[in-house]
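Structure record follows, encoded as structure tokens.
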Amino acid sequence: MTEFLDPKRPSFPVYITIGLTIIFFSFLEIFLRTLFPTFLNIPLTLMCLIYWNMALPKSVGLTWAIFCGFILDLSQNLVLGSNVMIFLASSYLIQRYFHRLRALYRIQQSLIVASMVFTYQLIFIFSFLNFSNQILIEVLLFTFISALIWPIIFGLLRFIRIKFTYIS
Amino acid sequence: MYNKELKQTQISKTAIFTTGSMRASKILPSFILVLTIFFSDYFFNFGKDIRIFFLKTSQPVTEIPIALGNVFDRLVFFFSSQNQLFIEINNLNKEIEKLNIEIIKMKGIENENIELSELMNLSKREQFSFSMLGEIKSKSFFPNESLNVTTDIKKINNDMVVLNRNGMIGQIDQVLPNSVKVLPIYKKDNIVPAYFPRLGLNIILKGTGKDKLFSIENLSSGVNLKIGDEIFSSGLGGKFPKGYLIGKVKRISNDPNLKFQTVEVQSIAVFDNGSKVLFISP
């Protein structure tokens with residue numbers, strides 16, 4: 001519970017750190033989407049949101065979820081609000097049960113993240129009514145990759161949180 | 001390690017019954033707002049302009065991966081066996097191009113040889129009093145057609161006639177220091193003695209200087225000519241060799257009230273053909 005013990009950096013508020021990382025992950029997601037033009041991709045923004053909602057639920061709020069959801073909607077040329085609703089629901093669930101999620105081992109967290117990514121991708125497939133063998137392989141593949149990279153994202157964002165937010 | 005895991009387990013035990021301060025009532029206003037936006041956009045497409053603006057502004061970001069992808073493809077291609085093949089194909093293509101140029105050169109030489117041989121045979125067959133080969137250096141085209149031919153000018157005189165593989169084409173106009181200027185046989189006001197084999201009639205052809213045409217001088221209107229009649233050189237006067245096809249009748253204007261008829265003859269001389277000519281004295 002470093003957030004209560006360590007003094008915060010006054011020049012670099014937590015809220016900005018969260019925002020910058022979420023925006024960075026959004027752009028990274030757009031970048032990867034353009035680089036690998038598959039129907040689905042790894043939802044890095046969602047995973048970043050999951051981390052912040054789990055780590056600092058009081059600081060993250062819902063604004064960033066809404067903002068990044070809209071950015072992704074616009075970049076993917078989707079109906080405005082498609083990603084936002086999923087992000088809001090995810091934020092709600094994570095903020096509601098963050099105590100339990102934090103207590104889990106990393107591998108258990110990876111499984112939770114993978115199930116959320118899986119649901120997120122299924123919602124897209126159902127909303128587009130786009131079913132094919134290739135897309136089903138993409139769902140499984142990106143879910144698996146998301147589970148694999150969750151510890152990396154977790155470690156990276158944790159490092160950023162500690163390094164830039166608190167005076168050690 | 002053991003202690004750490006034990007601590008984790010203890011935290012889990014207490015956390016399992018704990019929930020965060022987030023309640024559904026907190027998220028509901030945001031959710032309703034987003035739903036409103038969603039349905040408004042879905043039914044009225046009001047986000048169209050925003051979308052276009054966003055796509056325009058984010059274009060540089062979306063173009064970077066494409067550029068990177070291209071660079072990557074080029075790098076992969078460069079180090080792949082496909083690239084080696086590509087280079088090999090390019091080299092082979094260059095060789096083929098070289099060989100094609102060689103073939104064209106050889107064909108040119110072959111044509112020259114054939115031309116030369118034809119001219120030599122012509123020279124032997126006709127037994128001219130004098131003949132000499134020349135090589136065309138440059139050509140001028142209609143309306144001031146002429147050839148510049150290099151040859152041994154010491155043996156050349158102004159009265160000589162010029163032949164190529166197709167027949168009689170012209171005569172010497174000027175002997176220059178290193179070459180000879182040749183004008184076509186149908187040049188303006190050039191006189192060529194000729195005859196009609198069909199009628200056994202000797203005539204005089206006069207060059208008009210227009211589009212390889214001759215006119216027949218003083219031909220009586222009583223002479224029955226036909227379009228396409230062939231006209232050969234008669235050899236009269238000793239300047240032009242005898243028996244060479246000069247041209248064919250192209251147009252006849254026969255006015256019964258006039259004493260002479262006007263006849264146009266199309267020359268068959270191909271003035272700019274080949275690269276070698278034969279200077280002869282009949």
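Chain labels A, B, ... are given in the sequence in which chains occur in the structure tokens; within each chain residues are numbered consecutively from 1, and ligands are likewise numbered from 1 in the order shown.
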List the neighbours of Phe142 in chain A out to 8 Å using only C-alpha atoms; skip same-chain residues closer than 5 positions along the sequence, and give me the result as a PyMOL selection string.
chain A and resi 40-42
Can you tell me which residues surround Pro197 in chain B at a distance of at most 10 Å, considering only C-alpha atoms, apart from same-chain residues fewer than 2 positions away, and format the answer as a PyMOL selection string?
chain B and resi 194-195+199-202+229-232+234+243
Those residues you just picked out, can you put them in a file as an mmCIF file, in the first residue's frame with C-alpha atoms?
```cif
data_model
loop_
_atom_site.group_PDB
_atom_site.id
_atom_site.type_symbol
_atom_site.label_atom_id
_atom_site.label_comp_id
_atom_site.auth_asym_id
_atom_site.auth_seq_id
_atom_site.Cartn_x
_atom_site.Cartn_y
_atom_site.Cartn_z
ATOM 1 C CA ALA B 194 13.373 6.242 -121.073
ATOM 2 C CA TYR B 195 11.091 3.959 -123.073
ATOM 3 C CA LEU B 199 4.626 0.457 -126.940
ATOM 4 C CA GLY B 200 8.307 0.428 -127.880
ATOM 5 C CA LEU B 201 8.252 4.182 -127.515
ATOM 6 C CA ASN B 202 11.187 6.335 -126.433
ATOM 7 C CA ASP B 229 2.567 1.070 -117.420
ATOM 8 C CA GLU B 230 6.210 0.402 -116.588
ATOM 9 C CA ILE B 231 8.909 2.723 -117.860
ATOM 10 C CA PHE B 232 12.576 1.680 -118.194
ATOM 11 C CA SER B 234 16.587 3.641 -122.514
ATOM 12 C CA GLY B 243 17.072 -1.435 -118.952
#
```
Which residue, B:Ile203, B:Leu92, B:Val162, B:Leu236, has the smallest gap to Val223 in chain B when you use only C-alpha atoms?
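Residue with the minimum atom-to-atom distance to Val223 in chain B: B:Ile203.
Applying a distance limit of 7 Å to only C-alpha atoms, the residues of chain A near chain B read Phe31, Thr34, Leu35, Leu74, Ser75, Asn77, Val79, Leu80, Gly81, Ser82, Met85, Tyr92, Gln95, Arg96, Tyr97, Phe98, His99, Arg100, Ala103 and Leu104 of chain A.
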Quick one: residues within 12 Å of Leu46 in chain A, only C-alpha atoms counted, chain neighbours fewer than 5 positions away excluded, as a ChimeraX atom specification?
/A:21-23,25-26,29,41,51-53,64-66,68-69,72,83-91,94,113-114,116-121,146,150,153
Residues at most 10 Å from range 127-129 of chain B, counting only C-alpha atoms, excluding those fewer than 5 positions away in the same chain, as a list of chain:residue names?
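The filter keeps B:Asn121, B:Leu122, B:Pro241, B:Phe279, B:Ile280, B:Ser281, B:Pro282.
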Mind the document's chain letters and residue numbers, and return as a ChimeraX atom specification the residues of range 16-186 of chain B that DSSP labels strand (DSSP E or B).
/B:130-140,146-150,161-164,167-175,179-184
Within chain A, find each residue whose DSSP state, derived from the backbone, is helix (DSSP H, G or I), and express the selection as a ChimeraX atom specification.
/A:2-5,14-35,44-55,57-60,63-75,82-96,98-103,106-128,133-165
Go through A:Leu32, A:Leu122, A:Ile18, A:Leu78 one by one, measure the shortest atom-to-atom distance of each to Leu62 in chain A using only C-alpha atoms, and give the residue with the smallest value.
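Using only C-alpha atoms, the shortest distance to Leu62 in chain A belongs to A:Ile18.
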